[in-house]
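coords_13.pdb, holding PDB, C-alpha atoms:
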ATOM      1  CA  MET X  29       0.000   0.000   0.000
ATOM      2  CA  ALA X  30       2.949   2.303   0.149
ATOM      3  CA  VAL X  31       2.032   4.273  -2.947
ATOM      4  CA  SER X  32       4.678   6.926  -2.551
ATOM      5  CA  LEU X  33       7.740   4.670  -2.356
ATOM      6  CA  LEU X  34       8.232   5.136  -6.071
ATOM      7  CA  PRO X  35      12.027   5.234  -6.402
ATOM      8  CA  LEU X  36      12.446   2.007  -4.466
ATOM      9  CA  LEU X  37       9.533   0.330  -6.189
ATOM     10  CA  ALA X  38      10.928   1.334  -9.544
ATOM     11  CA  ALA X  39      14.124  -0.503  -8.808
ATOM     12  CA  CYS X  40      12.197  -3.480  -7.500
ATOM     13  CA  GLY X  41      10.261  -3.541 -10.738
ATOM     14  CA  ALA X  42      13.508  -3.797 -12.639
ATOM     15  CA  GLU X  43      14.437  -6.934 -10.751
ATOM     16  CA  THR X  44      11.137  -8.756 -10.908
ATOM     17  CA  ALA X  45      10.432  -7.909 -14.521
ATOM     18  CA  SER X  46      12.823 -10.627 -15.648
ATOM     19  CA  HIS X  47      10.503 -13.233 -14.198
ATOM     20  CA  ALA X  48       6.775 -12.605 -14.412
ATOM     21  CA  ALA X  49       5.834  -9.036 -15.030
ATOM     22  CA  GLY X  50       2.191  -9.591 -15.839
ATOM     23  CA  GLY X  51      -0.200  -6.744 -16.436
ATOM     24  CA  ALA X  52       1.966  -4.630 -18.723
ATOM     25  CA  LYS X  53      -0.360  -2.227 -20.479
ATOM     26  CA  ASP X  54       2.071  -0.636 -22.920
ATOM     27  CA  PRO X  55       4.471  -3.209 -24.409
ATOM     28  CA  ALA X  56       7.647  -1.982 -25.984
ATOM     29  CA  GLY X  57       7.468  -1.204 -29.663
ATOM     30  CA  ALA X  58       9.654  -2.430 -32.468
ATOM     31  CA  ARG X  59      12.533  -0.273 -31.271
ATOM     32  CA  GLY X  60      12.436  -2.051 -27.911
ATOM     33  CA  GLN X  61      11.591   1.059 -25.909
ATOM     34  CA  LEU X  62       8.467   2.172 -24.081
ATOM     35  CA  ASP X  63       6.819   5.448 -24.965
ATOM     36  CA  VAL X  64       6.411   7.537 -21.834
ATOM     37  CA  PRO X  65       2.770   8.669 -21.454
ATOM     38  CA  PRO X  66       2.551  12.443 -21.927
ATOM     39  CA  ASP X  67       0.477  12.797 -18.754
ATOM     40  CA  ALA X  68       2.839  10.746 -16.580
ATOM     41  CA  GLY X  69       3.973  12.440 -13.384
ATOM     42  CA  PRO X  70       7.684  12.833 -12.553
ATOM     43  CA  ASP X  71       7.919   9.595 -10.555
ATOM     44  CA  LEU X  72       6.043   7.467 -13.072
ATOM     45  CA  LYS X  73       8.092   8.942 -15.910
ATOM     46  CA  LYS X  74      11.289   7.862 -14.155
ATOM     47  CA  ARG X  75       9.980   4.340 -13.824
ATOM     48  CA  TYR X  76       9.423   4.217 -17.595
ATOM     49  CA  LEU X  77      12.895   5.603 -18.229
ATOM     50  CA  LEU X  78      14.400   3.043 -15.867
ATOM     51  CA  GLU X  79      12.826   0.162 -17.790
ATOM     52  CA  ASN X  80      14.124   1.570 -21.076
ATOM     53  CA  ALA X  81      17.624   2.066 -19.663
ATOM     54  CA  LEU X  82      17.604  -1.489 -18.353
ATOM     55  CA  ALA X  83      16.750  -2.832 -21.804
ATOM     56  CA  VAL X  84      19.586  -0.868 -23.422
ATOM     57  CA  CYS X  85      22.103  -2.083 -20.846
ATOM     58  CA  MET X  86      21.056  -5.715 -21.155
ATOM     59  CA  LYS X  87      21.368  -5.512 -24.940
ATOM     60  CA  LYS X  88      24.952  -4.346 -24.509
ATOM     61  CA  GLN X  89      25.546  -7.419 -22.368
ATOM     62  CA  GLY X  90      24.243  -9.636 -25.142
ATOM     63  CA  PHE X  91      20.806 -10.352 -23.712
ATOM     64  CA  THR X  92      17.256  -9.472 -24.649
ATOM     65  CA  TYR X  93      15.202  -7.584 -22.089
ATOM     66  CA  THR X  94      11.728  -6.309 -22.915
ATOM     67  CA  PRO X  95      10.912  -3.193 -20.890
ATOM     68  CA  VAL X  96       7.694  -3.582 -18.914
ATOM     69  CA  ALA X  97       5.291  -0.672 -18.617
ATOM     70  CA  PRO X  98       4.961   0.218 -14.930
ATOM     71  CA  GLU X  99       1.518   0.614 -13.451
ATOM     72  CA  ASP X 100       0.496   4.104 -12.458
ATOM     73  CA  PRO X 101       0.191   3.923  -8.631
ATOM     74  CA  ALA X 102      -2.860   6.170  -8.820
ATOM     75  CA  ALA X 103      -4.648   3.516 -10.891
ATOM     76  CA  SER X 104      -4.353   0.978  -8.083
ATOM     77  CA  TRP X 105      -6.635   3.104  -5.932
ATOM     78  CA  ALA X 106      -9.377   3.456  -8.557
ATOM     79  CA  THR X 107     -11.426   0.481  -7.315
ATOM     80  CA  ASP X 108     -10.339   1.027  -3.732
ATOM     81  CA  GLY X 109     -12.137   4.276  -3.124
ATOM     82  CA  ALA X 110     -10.610   6.892  -5.389
ATOM     83  CA  ASP X 111     -13.241   6.373  -8.091
ATOM     84  CA  TYR X 112     -16.639   6.042  -6.423
ATOM     85  CA  ASP X 113     -18.433   4.463  -9.393
ATOM     86  CA  LEU X 114     -15.725   1.883 -10.090
ATOM     87  CA  THR X 115     -15.386   1.033  -6.409
ATOM     88  CA  LYS X 116     -19.144   0.596  -6.027
ATOM     89  CA  LYS X 117     -19.282  -1.722  -9.039
ATOM     90  CA  TYR X 118     -16.375  -3.753  -7.622
ATOM     91  CA  ARG X 119     -17.817  -3.998  -4.126
ATOM     92  CA  GLN X 120     -21.279  -4.956  -5.349
ATOM     93  CA  LYS X 121     -19.765  -8.225  -6.555
ATOM     94  CA  TYR X 122     -16.645  -8.827  -4.466
ATOM     95  CA  GLY X 123     -17.205  -6.831  -1.280
ATOM     96  CA  PHE X 124     -13.802  -6.299   0.289
ATOM     97  CA  GLY X 125     -12.532  -9.311  -1.659
ATOM     98  CA  ILE X 126     -12.219 -11.543   1.399
ATOM     99  CA  TYR X 127     -14.500 -14.342   0.184
ATOM    100  CA  ALA X 128     -14.427 -13.662  -3.537
ATOM    101  CA  ALA X 129     -11.827 -16.355  -4.290
ATOM    102  CA  ALA X 130     -14.040 -19.127  -2.936
ATOM    103  CA  VAL X 131     -17.182 -17.923  -4.699
ATOM    104  CA  TYR X 132     -15.538 -16.955  -8.003
ATOM    105  CA  PRO X 133     -12.500 -19.267  -8.424
ATOM    106  CA  ASP X 134     -12.470 -18.769 -12.206
ATOM    107  CA  ASP X 135     -12.724 -14.972 -12.092
ATOM    108  CA  PRO X 136      -9.324 -13.283 -12.612
ATOM    109  CA  LYS X 137     -10.657 -10.138 -10.895
ATOM    110  CA  ALA X 138     -11.471 -11.990  -7.682
ATOM    111  CA  PRO X 139      -8.512 -11.472  -5.301
ATOM    112  CA  GLY X 140      -6.751 -14.722  -4.478
ATOM    113  CA  SER X 141      -8.743 -16.863  -6.898
ATOM    114  CA  ALA X 142      -7.028 -19.521  -8.982
ATOM    115  CA  ALA X 143      -7.645 -17.415 -12.099
ATOM    116  CA  PHE X 144      -6.293 -14.317 -10.344
ATOM    117  CA  ARG X 145      -3.070 -16.090  -9.348
ATOM    118  CA  GLU X 146      -2.652 -17.565 -12.812
ATOM    119  CA  THR X 147      -2.972 -14.114 -14.362
ATOM    120  CA  SER X 148      -0.604 -12.558 -11.825
ATOM    121  CA  ASN X 149       2.004 -15.247 -12.393
ATOM    122  CA  GLY X 150       1.385 -15.574 -16.085
ATOM    123  CA  SER X 151       3.828 -15.569 -18.927
ATOM    124  CA  SER X 152       5.708 -12.458 -19.995
ATOM    125  CA  PRO X 153       8.252 -11.777 -22.754
ATOM    126  CA  ASN X 154      11.096 -11.769 -20.241
ATOM    127  CA  ALA X 155       9.991 -14.957 -18.501
ATOM    128  CA  ASP X 156       9.583 -16.671 -21.857
ATOM    129  CA  TYR X 157      13.023 -15.510 -22.939
ATOM    130  CA  VAL X 158      14.730 -16.681 -19.743
ATOM    131  CA  ALA X 159      13.041 -20.067 -20.142
ATOM    132  CA  THR X 160      14.926 -20.561 -23.423
ATOM    133  CA  LEU X 161      18.362 -20.081 -21.818
ATOM    134  CA  THR X 162      20.671 -22.855 -20.736
ATOM    135  CA  PRO X 163      21.606 -22.973 -17.013
ATOM    136  CA  GLY X 164      24.898 -21.290 -17.803
ATOM    137  CA  GLN X 165      23.268 -18.589 -19.885
ATOM    138  CA  LYS X 166      20.655 -17.978 -17.201
ATOM    139  CA  ALA X 167      23.373 -17.524 -14.582
ATOM    140  CA  ALA X 168      25.066 -14.986 -16.844
ATOM    141  CA  TYR X 169      21.722 -13.273 -17.487
ATOM    142  CA  ASP X 170      21.003 -12.970 -13.758
ATOM    143  CA  LYS X 171      24.470 -11.547 -13.147
ATOM    144  CA  ALA X 172      24.052  -9.025 -15.953
ATOM    145  CA  LEU X 173      20.624  -8.023 -14.667
ATOM    146  CA  GLY X 174      21.967  -7.511 -11.161
ATOM    147  CA  GLY X 175      20.427  -7.541  -7.722
ATOM    148  CA  PRO X 176      19.010  -5.203  -5.085
ATOM    149  CA  PRO X 177      20.719  -3.487  -2.161
ATOM    150  CA  ASP X 178      21.418  -5.918   0.668
ATOM    151  CA  PRO X 179      21.508  -4.536   4.227
ATOM    152  CA  LYS X 180      22.953  -7.829   5.464
ATOM    153  CA  THR X 181      26.105  -7.311   3.419
ATOM    154  CA  GLY X 182      26.114  -3.535   3.652
ATOM    155  CA  ARG X 183      25.517  -3.145  -0.082
ATOM    156  CA  LYS X 184      23.619   0.101  -0.665
ATOM    157  CA  GLU X 185      23.414  -0.031  -4.442
ATOM    158  CA  TRP X 186      21.767  -2.187  -7.081
ATOM    159  CA  THR X 187      24.272  -4.188  -9.102
ATOM    160  CA  GLY X 188      24.565  -5.013 -12.794
ATOM    161  CA  CYS X 189      22.302  -3.358 -15.329
ATOM    162  CA  SER X 190      19.738  -2.690 -12.616
ATOM    163  CA  GLY X 191      22.334  -0.545 -10.892
ATOM    164  CA  GLU X 192      23.418   1.189 -14.094
ATOM    165  CA  ALA X 193      19.826   2.017 -15.017
ATOM    166  CA  ASP X 194      19.108   3.171 -11.488
ATOM    167  CA  ARG X 195      22.049   5.588 -11.481
ATOM    168  CA  GLN X 196      21.185   6.842 -14.962
ATOM    169  CA  VAL X 197      17.625   7.707 -13.963
ATOM    170  CA  TYR X 198      17.903   8.615 -10.289
ATOM    171  CA  GLY X 199      21.408  10.018 -10.069
ATOM    172  CA  SER X 200      24.160   9.377  -7.562
ATOM    173  CA  ALA X 201      22.035   9.080  -4.411
ATOM    174  CA  SER X 202      21.871   5.448  -3.301
ATOM    175  CA  ALA X 203      18.603   3.529  -3.198
ATOM    176  CA  GLN X 204      18.952   3.399   0.573
ATOM    177  CA  GLU X 205      19.365   7.162   0.818
ATOM    178  CA  ARG X 206      16.349   7.714  -1.421
ATOM    179  CA  SER X 207      14.318   5.307   0.675
ATOM    180  CA  VAL X 208      15.080   7.313   3.816
ATOM    181  CA  THR X 209      14.204  10.563   2.072
ATOM    182  CA  THR X 210      10.964   9.084   0.780
ATOM    183  CA  ALA X 211      10.024   7.753   4.222
ATOM    184  CA  GLU X 212      10.564  11.203   5.703
ATOM    185  CA  GLN X 213       8.411  12.764   2.992
ATOM    186  CA  ASN X 214       5.723  10.145   3.566
ATOM    187  CA  GLN X 215       5.618  11.049   7.233
ATOM    188  CA  ALA X 216       5.368  14.738   6.468
ATOM    189  CA  ASN X 217       2.577  14.083   3.967
ATOM    190  CA  ALA X 218       0.676  11.981   6.501
ATOM    191  CA  GLN X 219       0.953  14.708   9.127
ATOM    192  CA  ALA X 220      -0.403  17.248   6.652
ATOM    193  CA  LEU X 221      -3.355  15.018   5.722
ATOM    194  CA  ASN X 222      -4.153  14.245   9.344
ATOM    195  CA  GLY X 223      -3.988  17.923  10.220
ATOM    196  CA  ASP X 224      -6.235  19.135   7.411
ATOM    197  CA  PRO X 225      -9.333  20.739   9.044
ATOM    198  CA  ARG X 226     -11.731  19.776   6.243
ATOM    199  CA  LEU X 227     -10.553  16.173   6.165
ATOM    200  CA  ILE X 228     -10.806  15.967   9.953
ATOM    201  CA  ALA X 229     -14.417  17.197   9.842
ATOM    202  CA  LEU X 230     -15.355  14.806   7.043
ATOM    203  CA  ALA X 231     -13.671  11.909   8.833
ATOM    204  CA  GLN X 232     -15.757  12.651  11.907
ATOM    205  CA  SER X 233     -18.951  12.591   9.827
ATOM    206  CA  TYR X 234     -17.765   9.355   8.223
ATOM    207  CA  ALA X 235     -17.212   7.832  11.675
ATOM    208  CA  THR X 236     -20.643   8.943  12.884
ATOM    209  CA  CYS X 237     -22.294   7.284   9.892
ATOM    210  CA  LEU X 238     -20.457   4.046  10.569
ATOM    211  CA  LYS X 239     -21.490   4.080  14.228
ATOM    212  CA  ASP X 240     -25.104   4.692  13.234
ATOM    213  CA  HIS X 241     -24.901   1.442  11.251
ATOM    214  CA  GLY X 242     -23.403  -0.412  14.187
ATOM    215  CA  ILE X 243     -19.916  -0.565  12.694
ATOM    216  CA  PRO X 244     -17.078  -0.131  15.237
ATOM    217  CA  VAL X 245     -14.775   2.875  14.762
ATOM    218  CA  THR X 246     -11.195   2.518  15.951
ATOM    219  CA  THR X 247      -9.696   5.622  14.347
ATOM    220  CA  THR X 248     -10.861   8.921  12.907
ATOM    221  CA  GLN X 249      -7.506   9.908  11.424
ATOM    222  CA  PRO X 250      -7.885  10.803   7.733
ATOM    223  CA  THR X 251      -5.033   8.482   6.751
ATOM    224  CA  GLY X 252      -6.552   5.542   8.598
ATOM    225  CA  ILE X 253     -10.318   5.669   8.588
ATOM    226  CA  GLY X 254     -10.746   4.854   4.901
ATOM    227  CA  GLU X 255      -9.240   1.371   5.288
ATOM    228  CA  MET X 256     -10.380   0.792   8.855
ATOM    229  CA  VAL X 257     -13.550  -1.173   8.089
ATOM    230  CA  LYS X 258     -11.848  -3.298   5.437
ATOM    231  CA  LEU X 259      -8.909  -4.164   7.673
ATOM    232  CA  GLY X 260     -11.272  -4.994  10.518
ATOM    233  CA  ALA X 261     -13.280  -7.285   8.266
ATOM    234  CA  MET X 262     -10.129  -9.035   7.101
ATOM    235  CA  ALA X 263      -8.913  -9.510  10.664
ATOM    236  CA  SER X 264     -12.181 -11.115  11.770
ATOM    237  CA  ALA X 265     -12.782 -13.172   8.625
ATOM    238  CA  GLY X 266     -12.257 -16.514  10.361
ATOM    239  CA  PRO X 267     -11.666 -19.552   8.108
ATOM    240  CA  ALA X 268      -9.705 -18.712   5.023
ATOM    241  CA  ALA X 269     -11.631 -18.131   1.836
ATOM    242  CA  GLY X 270      -8.716 -18.467  -0.570
ATOM    243  CA  PRO X 271      -6.643 -21.576  -1.288
ATOM    244  CA  ALA X 272      -3.383 -19.735  -0.646
ATOM    245  CA  ALA X 273      -4.430 -18.357   2.743
ATOM    246  CA  VAL X 274      -2.263 -19.020   5.781
ATOM    247  CA  GLY X 275      -3.488 -18.872   9.353
ATOM    248  CA  PRO X 276      -2.036 -16.739  12.200
ATOM    249  CA  ASP X 277       0.127 -19.678  13.269
ATOM    250  CA  GLY X 278       1.785 -19.783   9.846
ATOM    251  CA  LYS X 279       0.087 -23.026   8.860
ATOM    252  CA  GLN X 280      -2.255 -23.584   5.954
ATOM    253  CA  ALA X 281      -5.630 -22.325   7.085
ATOM    254  CA  LYS X 282      -8.914 -24.161   6.645
ATOM    255  CA  THR X 283     -10.522 -23.005   3.433
ATOM    256  CA  LEU X 284     -14.189 -22.372   2.774
ATOM    257  CA  SER X 285     -16.239 -24.109   0.153
ATOM    258  CA  LYS X 286     -18.245 -22.017  -2.295
ATOM    259  CA  GLU X 287     -21.451 -22.859  -0.439
ATOM    260  CA  GLU X 288     -19.942 -21.806   2.883
ATOM    261  CA  ALA X 289     -18.470 -18.621   1.445
ATOM    262  CA  MET X 290     -21.551 -17.308  -0.374
ATOM    263  CA  PRO X 291     -23.502 -16.070   2.690
ATOM    264  CA  ARG X 292     -20.312 -14.556   4.091
ATOM    265  CA  LEU X 293     -19.692 -12.789   0.803
ATOM    266  CA  ALA X 294     -23.227 -11.362   0.903
ATOM    267  CA  LYS X 295     -22.538  -9.871   4.334
ATOM    268  CA  ASP X 296     -19.142  -8.635   3.178
ATOM    269  CA  VAL X 297     -20.728  -6.904   0.188
ATOM    270  CA  ASP X 298     -23.270  -5.208   2.452
ATOM    271  CA  LEU X 299     -20.540  -4.040   4.844
ATOM    272  CA  ALA X 300     -18.295  -2.834   2.016
ATOM    273  CA  LEU X 301     -21.091  -0.840   0.383
ATOM    274  CA  THR X 302     -22.150   0.704   3.701
ATOM    275  CA  ASP X 303     -18.554   1.749   4.297
ATOM    276  CA  LEU X 304     -18.346   3.193   0.793
ATOM    277  CA  GLU X 305     -21.503   5.267   1.203
ATOM    278  CA  CYS X 306     -20.549   6.522   4.664
ATOM    279  CA  GLY X 307     -17.163   7.628   3.381
ATOM    280  CA  ARG X 308     -18.235   8.983   0.007
ATOM    281  CA  LYS X 309     -17.812  12.686   0.809
ATOM    282  CA  PHE X 310     -14.640  12.012   2.765
ATOM    283  CA  ARG X 311     -12.976  10.097  -0.059
ATOM    284  CA  ALA X 312     -14.008  12.713  -2.627
ATOM    285  CA  ALA X 313     -12.033  15.289  -0.644
ATOM    286  CA  TYR X 314      -9.243  13.001   0.547
ATOM    287  CA  PHE X 315      -7.986  11.295  -2.579
ATOM    288  CA  PRO X 316      -7.169  14.417  -4.633
ATOM    289  CA  LYS X 317      -4.928  15.564  -1.786
ATOM    290  CA  PHE X 318      -3.523  12.099  -1.191
ATOM    291  CA  MET X 319      -2.582  11.680  -4.855
ATOM    292  CA  LYS X 320      -0.639  14.945  -4.824
ATOM    293  CA  ALA X 321       1.219  14.083  -1.617
ATOM    294  CA  PRO X 322       0.941  10.327  -0.887
ATOM    295  CA  ALA X 323       1.609   8.899   2.514
ATOM    296  CA  SER X 324       2.692   5.287   3.056
ATOM    297  CA  GLY X 325      -0.268   3.139   3.936
ATOM    298  CA  GLY X 326      -2.469   6.202   3.906
ATOM    299  CA  GLY X 327      -4.934   5.162   1.273
ATOM    300  CA  ALA X 328      -8.601   5.642   2.001
ATOM    301  CA  GLY X 329      -9.924   2.535   0.310
TER     302      GLY X 329
END
Can I see the file as structure tokens?
Amino acid sequence: MAVSLLPLLAACGAETASHAAGGAKDPAGARGQLDVPPDAGPDLKKRYLLENALAVCMKKQGFTYTPVAPEDPAASWATDGADYDLTKKYRQKYGFGIYAAAVYPDDPKAPGSAAFRETSNGSSPNADYVATLTPGQKAAYDKALGGPPDPKTGRKEWTGCSGEADRQVYGSASAQERSVTTAEQNQANAQALNGDPRLIALAQSYATCLKDHGIPVTTTQPTGIGEMVKLGAMASAGPAAGPAAVGPDGKQAKTLSKEEAMPRLAKDVDLALTDLECGRKFRAAYFPKFMKAPASGGGAG
């Protein structure tokens, strides 16, 4: 949920793209480079440039790397509160997504479903390419691609082409230094959001509406109230609804059958829609400010 950790996430994207970077919306053209969207913000633009720089570096090393279009962080909030209409449509079917996997196992939009996992881990040009390499070639490919900073060894920089692309796009500051700077900015952004008089007033009205519906309120902070009901529902969900769920003890949790999950999903949908309606005015005021100055974990989904 840490939407604003863009520099670090950009580098992470460079590493994972060699495996299964599903969901790319803008594949590289014939010249092997992504076109940066004209409306991309500074951080998103850098993530595009990083992918392109990575492809150029890998080509110099004798390998093929297809740059993967990064997802706009703002888009991830669209069905989590930022866009009322899209969120309502989503919640009318999936609720908070807790039981959706059991009820809709073949629906790729149902979080945790078999179809969802297959799509998330699906094939990509880079994964397909790596699959064609011999063990020796793959080892050379991985070395050329490079790895992330490692606090255990004291390494502050990305290595290989990941490091070269990182320095080309982000400059001389290390990924660790940028992470600290970003964390400090996140904290400052959160303080500003939580101190905004209008957001405070709307959060109070949101909380009152929830209480009127018998829904417990544990926080009225603008950066926390939007996800409060969802997180509470997830914490009290009981038996796992998805096949990949793991219980609090770290063991595979008991999963629900479709028949068992359906009535729970109905209640989850009702709770999710009540939360959405209670927080409608709050989210309409919150998200425009949040998008301009994101705070880690401060989404109002």
Next item on the list: Would you please work out which residue, of X:Leu293, X:Ala201, X:Leu238, X:Val64, is nearest to Lys121 of chain X when using only C-alpha atoms?
Entry: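 Selected residue with least distance to Lys121 of chain X: X:Leu293.
Proximity ranking of X:Gly175, X:Ala129, X:Ser152, X:Ala313 relative to Ile228 of chain X places X:Ala313 first, based on only C-alpha atoms.
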Notebook entry, point to check: Could you state the separation of atom CA of Asn80 of chain X and atom CA of Gly60 of chain X in Å, given to one decimal place?
Noted result: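 Atom-to-atom, atom CA of Asn80 of chain X and atom CA of Gly60 of chain X are spaced 7.9 Å apart.
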Item checked: X:Asp240, X:Asp156, X:Glu288, X:Asp298 ranked by distance to Thr94 of chain X, top pick (using all atoms listed in the file) ->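 Checking each candidate against Thr94 of chain X, we get X:Asp156 as the closest.
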Next item on the list: Compute the distance from (-11.8, -12.5, -8.4) to each atom, counting all atoms listed in the file, keep the residues with any atom at most 12 Å away, and return them as a ChimeraX atom specification; use the coordinates of the file.
Entry: /X:118-119,121-148,269-270
For those residues, write C-alpha atoms to a file as a CSV table (one decimal), keeping the file's coordinate frame.
chain,number,residue,atom,x,y,z
X,118,TYR,CA,-16.4,-3.8,-7.6
X,119,ARG,CA,-17.8,-4.0,-4.1
X,121,LYS,CA,-19.8,-8.2,-6.6
X,122,TYR,CA,-16.6,-8.8,-4.5
X,123,GLY,CA,-17.2,-6.8,-1.3
X,124,PHE,CA,-13.8,-6.3,0.3
X,125,GLY,CA,-12.5,-9.3,-1.7
X,126,ILE,CA,-12.2,-11.5,1.4
X,127,TYR,CA,-14.5,-14.3,0.2
X,128,ALA,CA,-14.4,-13.7,-3.5
X,129,ALA,CA,-11.8,-16.4,-4.3
X,130,ALA,CA,-14.0,-19.1,-2.9
X,131,VAL,CA,-17.2,-17.9,-4.7
X,132,TYR,CA,-15.5,-17.0,-8.0
X,133,PRO,CA,-12.5,-19.3,-8.4
X,134,ASP,CA,-12.5,-18.8,-12.2
X,135,ASP,CA,-12.7,-15.0,-12.1
X,136,PRO,CA,-9.3,-13.3,-12.6
X,137,LYS,CA,-10.7,-10.1,-10.9
X,138,ALA,CA,-11.5,-12.0,-7.7
X,139,PRO,CA,-8.5,-11.5,-5.3
X,140,GLY,CA,-6.8,-14.7,-4.5
X,141,SER,CA,-8.7,-16.9,-6.9
X,142,ALA,CA,-7.0,-19.5,-9.0
X,143,ALA,CA,-7.6,-17.4,-12.1
X,144,PHE,CA,-6.3,-14.3,-10.3
X,145,ARG,CA,-3.1,-16.1,-9.3
X,146,GLU,CA,-2.7,-17.6,-12.8
X,147,THR,CA,-3.0,-14.1,-14.4
X,148,SER,CA,-0.6,-12.6,-11.8
X,269,ALA,CA,-11.6,-18.1,1.8
X,270,GLY,CA,-8.7,-18.5,-0.6
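Here atom CA of Leu82 of chain X and atom CA of Ala321 of chain X stand 28.1 Å from one another.
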Check: What does the PyMOL selection byres ((chain X and resi 222) around 10) select in this file, as a ChimeraX atom specification?
Finding: /X:216-221,223-228,231,248-252,326
Checklist line | Long-range neighbours of Ala168 of chain X as a ChimeraX atom specification, 12 Å cut-off, all atoms listed in the file, 6 positions minimum in chain | finding: /X:86,89-91,158,161-162,174,188
Check: Which of these residues is nearest to Lys309 of chain X, using only C-alpha atoms: X:Leu78, X:Ala235, X:Ala263, X:Ala289?
Finding: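 Answer, going by the shortest atom-to-atom distance: X:Ala235.
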Box dimensions and centre (Å, one decimal) enclosing segment 234-249 of chain X, axis-aligned, 6 Å extra per side, as JSON:
{"center_x": -16.3, "center_y": 4.7, "center_z": 12.1, "size_x": 29.6, "size_y": 22.5, "size_z": 19.7}
Margin query: Residues proximal to (-19.0, -2.1, 5.8) were defined as those with any atom within 10 Å of that point in the file's coordinates, counting only C-alpha atoms. Which are they, as an NGL selection string?
Written below: :X and (123-124 or 238 or 241-244 or 256-258 or 260-261 or 295-306)
Notebook entry, point to check: Near Glu192 of chain X, within 8 Å and counting only C-alpha atoms, which residues show up once chain neighbours fewer than 5 positions away are dropped, as a PyMOL selection string?
Noted result: chain X and resi 82+85+186-187
Notebook entry, point to check: Which neighbours of segment 178-185 of chain X fall inside 12 Å, counting all atoms listed in the file, when residues of the same chain fewer than 3 positions from it are skipped, and could you give them as JSON, numbers by chain?
Noted result: {"X": [36, 39, 174, 175, 188, 189, 190, 191, 192, 193, 194, 195, 198, 199, 200, 201, 202, 203, 204, 205, 206, 207]}
For the selection just defined, write its residues with C-alpha atoms to a file, as an mmCIF file, keeping the file's coordinate frame.
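Contents of the output file part.cif:
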data_model
loop_
_atom_site.group_PDB
_atom_site.id
_atom_site.type_symbol
_atom_site.label_atom_id
_atom_site.label_comp_id
_atom_site.auth_asym_id
_atom_site.auth_seq_id
_atom_site.Cartn_x
_atom_site.Cartn_y
_atom_site.Cartn_z
ATOM 1 C CA LEU X 36 12.446 2.007 -4.466
ATOM 2 C CA ALA X 39 14.124 -0.503 -8.808
ATOM 3 C CA GLY X 174 21.967 -7.511 -11.161
ATOM 4 C CA GLY X 175 20.427 -7.541 -7.722
ATOM 5 C CA GLY X 188 24.565 -5.013 -12.794
ATOM 6 C CA CYS X 189 22.302 -3.358 -15.329
ATOM 7 C CA SER X 190 19.738 -2.690 -12.616
ATOM 8 C CA GLY X 191 22.334 -0.545 -10.892
ATOM 9 C CA GLU X 192 23.418 1.189 -14.094
ATOM 10 C CA ALA X 193 19.826 2.017 -15.017
ATOM 11 C CA ASP X 194 19.108 3.171 -11.488
ATOM 12 C CA ARG X 195 22.049 5.588 -11.481
ATOM 13 C CA TYR X 198 17.903 8.615 -10.289
ATOM 14 C CA GLY X 199 21.408 10.018 -10.069
ATOM 15 C CA SER X 200 24.160 9.377 -7.562
ATOM 16 C CA ALA X 201 22.035 9.080 -4.411
ATOM 17 C CA SER X 202 21.871 5.448 -3.301
ATOM 18 C CA ALA X 203 18.603 3.529 -3.198
ATOM 19 C CA GLN X 204 18.952 3.399 0.573
ATOM 20 C CA GLU X 205 19.365 7.162 0.818
ATOM 21 C CA ARG X 206 16.349 7.714 -1.421
ATOM 22 C CA SER X 207 14.318 5.307 0.675
#
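The residues returned by the PyMOL selection byres ((chain X and resi 316) around 12) for this structure are X:Ala102, X:Trp105, X:Ala106, X:Gly109, X:Ala110, X:Asp111, X:Leu221, X:Leu227, X:Phe310, X:Arg311, X:Ala312, X:Ala313, X:Tyr314, X:Phe315, X:Lys317, X:Phe318, X:Met319, X:Lys320, X:Ala321, X:Pro322, X:Gly327, X:Ala328.
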